[in-house]
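To start, the structure itself, in structure tokens.
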Amino acid sequence: MPSAWRTLRRRMLTPSTSETLLEKRGFHRKTPSAQQLLETVGERFLEGYGYAMEARDTVAAENLLEGVPIRFRGFAYEGAGMGFAMLDGLPLSGSGSVDRFLAGRGADHVYMVYIGVGWAMARLPRFRWPDIDALDPLLRWLVLDGYGFHQAYFRTARYVHEQYRDPAFPWPAHDSPSYAGRAIDQGIGRALWFVGGTDADLVATMIEKFPESRRSDLYSGAGLAATYAGGVDEAELRAFRERAGSHRAMVAQGSAFAAEARERAGLPAPHTELATRVLCGMTPAQAARVTQEVRPAGPVPGALPAYEVWRRAIADRFTDVGGC
């Protein structure tokens with residue numbers, strides 16, 4: 001494909017960075033530094049998306065992604081995951097981009113890439129959705145996490161303030177369709193960290209407006225965002241852990257997931273170390289190791305998907321943290 005066409009494609013299909021401004025989104029602005037952090041996350045996400053849209057192939061995109069600062073590189077890979085999934089879903093753009101991306105450096109960022117695929121799913125017509133059954137059967141629920149984040153981020157009134165949940169989400173995979181709403185809630189919980197502007201007390205207040213049955217997944221998502229994105233100090237993290245009450249172990253589970261994503265990709269960050277120390281009672285490497293130790297090696301018995309069995313096994317390892 002000619003370079004000029006790829007450049008035009010990027011310009012036509014990449015959203016404006018103004019869409020990531022907290023004021024534009026109507027999100028809470030806690031402090032100027034927190035606002036700058038979240039808006040930079042959005043900018044880096046769109047930067048990665050643009051690389052995918054314009055690069056001649058996935059290797060060229062990877063070379064550009066590796067130049068993004070470590071703190072934000074995972075978000076750029078997430079954006080690239082969305083970009084390649086959009087290309088796979090658009091007419092005349094070919095197919096297999098996500099597969100090729102995951103066969104290269106994207107493999108180290110598989111969690112973020114899958115989440116990016118969920119962003120694309122939120123913007124593509126259903127008949128152009130990716131073949132979910134072709135994705136990793138354990139991790140493919142992260143696609144719905146990404147979908148949930150997108151909906152809460154861009155359709156905040158409905159998904160956050162009105163607590164909307166699709167009663168029959170069309171999960172295009174042949175396992176546990178009833179779990180789809182829960183996986184989406186995990187993404188909504190992550191988005192609440194952005195909607196609340198990293199104000200941990202406000203995020204907890206928003207979660208507590210949802211039905212009790214949904215709070216565990218929401219707290220898990222928020223714990224993941226607090227650990228991966230940051231934006232809070234130790235006192236705020238401790239207060240958030242206390243507000244979570246009976247859901248503290250799931251906050252720790254989300255935090256451990258974030259640690260595993262950063263450790264696998266080689267993207268250490270001081271705010272992640274702080275978060276896992278407070279929320280998990282250990283270092284990021286130790287928290288990541290917990291997720292690896294209890295990770296299912298294949299299908300699990302029972303009605304729950306292996307992904308949920310995995311999450312619960314992780315949470316069980318943290319039931320004593322902070323008085324859980």
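Simple scheme: letters A, B, ... for chains in structure tokens order, numbers from 1 for residues in each chain, numbers from 1 for ligands in the order shown.
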Among range 42-94 of chain A, which ones does DSSP place in helix (DSSP H, G or I), written as a PyMOL selection string? chain A and resi 42-54+58-65+70-89
Write out, as a PDB file, in the first residue's frame, the residues just selected, with C-alpha atoms.
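Saved as out34.pdb:
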```
ATOM      1  CA  GLY A  42      -4.968   9.143  26.029  1.00  0.00           C
ATOM      2  CA  GLU A  43      -2.442  10.837  23.753  1.00  0.00           C
ATOM      3  CA  ARG A  44      -0.098   7.857  23.877  1.00  0.00           C
ATOM      4  CA  PHE A  45      -2.976   5.471  23.175  1.00  0.00           C
ATOM      5  CA  LEU A  46      -3.860   7.439  20.063  1.00  0.00           C
ATOM      6  CA  GLU A  47      -0.191   7.617  19.117  1.00  0.00           C
ATOM      7  CA  GLY A  48      -0.044   3.816  19.095  1.00  0.00           C
ATOM      8  CA  TYR A  49      -3.312   3.647  17.188  1.00  0.00           C
ATOM      9  CA  GLY A  50      -1.895   6.000  14.583  1.00  0.00           C
ATOM     10  CA  TYR A  51       1.271   3.924  14.218  1.00  0.00           C
ATOM     11  CA  ALA A  52      -0.860   0.881  13.405  1.00  0.00           C
ATOM     12  CA  MET A  53      -2.904   2.849  10.894  1.00  0.00           C
ATOM     13  CA  GLU A  54       0.086   4.258   9.014  1.00  0.00           C
ATOM     14  CA  THR A  58       3.383  -4.667  12.129  1.00  0.00           C
ATOM     15  CA  VAL A  59       7.186  -4.673  12.432  1.00  0.00           C
ATOM     16  CA  ALA A  60       7.348  -1.034  11.360  1.00  0.00           C
ATOM     17  CA  ALA A  61       4.709  -0.168  13.957  1.00  0.00           C
ATOM     18  CA  GLU A  62       6.608  -2.068  16.663  1.00  0.00           C
ATOM     19  CA  ASN A  63       9.770  -0.086  15.953  1.00  0.00           C
ATOM     20  CA  LEU A  64       7.863   3.126  16.577  1.00  0.00           C
ATOM     21  CA  LEU A  65       6.069   1.776  19.646  1.00  0.00           C
ATOM     22  CA  ILE A  70       8.234   3.146  29.382  1.00  0.00           C
ATOM     23  CA  ARG A  71       5.498   4.530  31.611  1.00  0.00           C
ATOM     24  CA  PHE A  72       3.149   4.973  28.655  1.00  0.00           C
ATOM     25  CA  ARG A  73       4.357   2.316  26.230  1.00  0.00           C
ATOM     26  CA  GLY A  74       1.715  -0.210  27.261  1.00  0.00           C
ATOM     27  CA  PHE A  75      -1.024   2.260  26.444  1.00  0.00           C
ATOM     28  CA  ALA A  76       0.513   2.811  23.012  1.00  0.00           C
ATOM     29  CA  TYR A  77       0.505  -0.955  22.423  1.00  0.00           C
ATOM     30  CA  GLU A  78      -3.136  -0.995  23.495  1.00  0.00           C
ATOM     31  CA  GLY A  79      -3.901   1.684  20.932  1.00  0.00           C
ATOM     32  CA  ALA A  80      -2.020  -0.270  18.280  1.00  0.00           C
ATOM     33  CA  GLY A  81      -4.069  -3.350  19.173  1.00  0.00           C
ATOM     34  CA  MET A  82      -7.186  -1.335  18.472  1.00  0.00           C
ATOM     35  CA  GLY A  83      -5.708  -0.001  15.236  1.00  0.00           C
ATOM     36  CA  PHE A  84      -4.782  -3.407  13.865  1.00  0.00           C
ATOM     37  CA  ALA A  85      -8.179  -4.815  14.861  1.00  0.00           C
ATOM     38  CA  MET A  86      -9.851  -1.924  13.052  1.00  0.00           C
ATOM     39  CA  LEU A  87      -7.795  -2.666   9.936  1.00  0.00           C
ATOM     40  CA  ASP A  88      -8.794  -6.322  10.136  1.00  0.00           C
ATOM     41  CA  GLY A  89     -12.433  -5.273  10.374  1.00  0.00           C
TER      42      GLY A  89
END
```
So how far away is CA of Thr276 in chain A from CA of Pro69 in chain A, in Å? 21.3 Å
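The shell of residues at most 8 Å from Tyr219 in chain A, with only C-alpha atoms counted and near chain neighbours (fewer than 3 positions) removed, consists of Gln186, Gly189, Ala204, Ile207, Arg215, Ser216, Ala222, Gly223, Ala244, His247, Arg248, Met250, Val251 and Gly254 of chain A.
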Record the distance separating CA of Glu260 in chain A and CA of Asp131 in chain A, expressed in Å with one decimal. 25.5 Å
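Proximity to Ala157 in chain A at 12 Å, evaluated using only C-alpha atoms and with sequence-adjacent residues fewer than 5 positions away removed, yields A:Arg25, A:Gly26, A:Phe27, A:Gln151, A:Ala152, A:Glu162, A:Gln163, A:Tyr164, A:Leu192, A:Val195.
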Go ahead and dump the residues you just picked, C-alpha atoms, as a PDB file, in the first residue's frame.
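Listing of again_13.pdb after writing:
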```
ATOM      1  CA  ARG A  25     -15.175  14.162  28.382  1.00  0.00           C
ATOM      2  CA  GLY A  26     -16.695  15.817  31.440  1.00  0.00           C
ATOM      3  CA  PHE A  27     -14.424  13.845  33.761  1.00  0.00           C
ATOM      4  CA  GLN A 151     -18.302   2.347  26.554  1.00  0.00           C
ATOM      5  CA  ALA A 152     -17.778   3.886  29.987  1.00  0.00           C
ATOM      6  CA  GLU A 162     -27.165   5.152  34.658  1.00  0.00           C
ATOM      7  CA  GLN A 163     -25.295   1.878  35.370  1.00  0.00           C
ATOM      8  CA  TYR A 164     -26.496   0.347  32.105  1.00  0.00           C
ATOM      9  CA  LEU A 192     -13.963   4.809  36.438  1.00  0.00           C
ATOM     10  CA  VAL A 195     -13.874   9.293  34.888  1.00  0.00           C
TER      11      VAL A 195
END
```
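The gap separating CA of Gly281 in chain A from CA of Ala256 in chain A is 10.4 Å, in Å to one decimal.
For the residues A:Val117, A:Leu135, A:Ala229, A:Val309, ranking by smallest atom-to-atom distance to Gly148 in chain A using only C-alpha atoms places A:Val117 first.
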Might you pull out every residue within 9 Å of Leu38 in chain A, with only C-alpha atoms counted and same-chain residues fewer than 4 positions away left off, and present them as a PDB file with N, CA and C atoms, in the first residue's frame?
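Heads up, here's the output in around_38.pdb:
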```pdb
ATOM      1  N   THR A  20      -9.583  13.069  24.206  1.00  0.00           N
ATOM      2  CA  THR A  20      -9.023  12.527  25.445  1.00  0.00           C
ATOM      3  C   THR A  20      -8.908  13.579  26.542  1.00  0.00           C
ATOM      4  N   LEU A  21      -9.283  14.798  26.271  1.00  0.00           N
ATOM      5  CA  LEU A  21      -9.198  15.847  27.280  1.00  0.00           C
ATOM      6  C   LEU A  21     -10.277  15.635  28.339  1.00  0.00           C
ATOM      7  N   LEU A  22      -9.899  15.729  29.604  1.00  0.00           N
ATOM      8  CA  LEU A  22     -10.856  15.480  30.686  1.00  0.00           C
ATOM      9  C   LEU A  22     -12.018  16.463  30.626  1.00  0.00           C
ATOM     10  N   SER A  33      -1.681  17.792  37.893  1.00  0.00           N
ATOM     11  CA  SER A  33      -0.787  16.679  37.572  1.00  0.00           C
ATOM     12  C   SER A  33      -1.565  15.421  37.213  1.00  0.00           C
ATOM     13  N   ALA A  34      -2.657  15.163  37.934  1.00  0.00           N
ATOM     14  CA  ALA A  34      -3.485  13.996  37.614  1.00  0.00           C
ATOM     15  C   ALA A  34      -4.136  14.163  36.250  1.00  0.00           C
ATOM     16  N   GLY A  42      -4.131   9.107  27.224  1.00  0.00           N
ATOM     17  CA  GLY A  42      -4.968   9.143  26.029  1.00  0.00           C
ATOM     18  C   GLY A  42      -4.175   9.485  24.780  1.00  0.00           C
ATOM     19  N   GLU A  43      -3.265  10.445  24.899  1.00  0.00           N
ATOM     20  CA  GLU A  43      -2.442  10.837  23.753  1.00  0.00           C
ATOM     21  C   GLU A  43      -1.567   9.677  23.286  1.00  0.00           C
ATOM     22  N   PHE A 194     -10.488   6.837  35.301  1.00  0.00           N
ATOM     23  CA  PHE A 194     -10.332   7.991  34.429  1.00  0.00           C
ATOM     24  C   PHE A 194     -11.492   8.964  34.617  1.00  0.00           C
ATOM     25  N   GLY A 197     -10.952  10.900  37.539  1.00  0.00           N
ATOM     26  CA  GLY A 197      -9.746  11.716  37.545  1.00  0.00           C
ATOM     27  C   GLY A 197      -8.690  11.262  38.521  1.00  0.00           C
ATOM     28  N   THR A 198      -8.623   9.963  38.821  1.00  0.00           N
ATOM     29  CA  THR A 198      -7.736   9.322  39.807  1.00  0.00           C
ATOM     30  C   THR A 198      -8.070   9.731  41.240  1.00  0.00           C
ATOM     31  N   ALA A 229      -1.909   2.663  35.727  1.00  0.00           N
ATOM     32  CA  ALA A 229      -1.842   4.068  35.313  1.00  0.00           C
ATOM     33  C   ALA A 229      -1.290   4.971  36.408  1.00  0.00           C
ATOM     34  N   GLY A 231      -1.367   7.791  39.538  1.00  0.00           N
ATOM     35  CA  GLY A 231      -2.047   9.055  39.770  1.00  0.00           C
ATOM     36  C   GLY A 231      -2.459   9.295  41.209  1.00  0.00           C
TER      37      GLY A 231
END
```
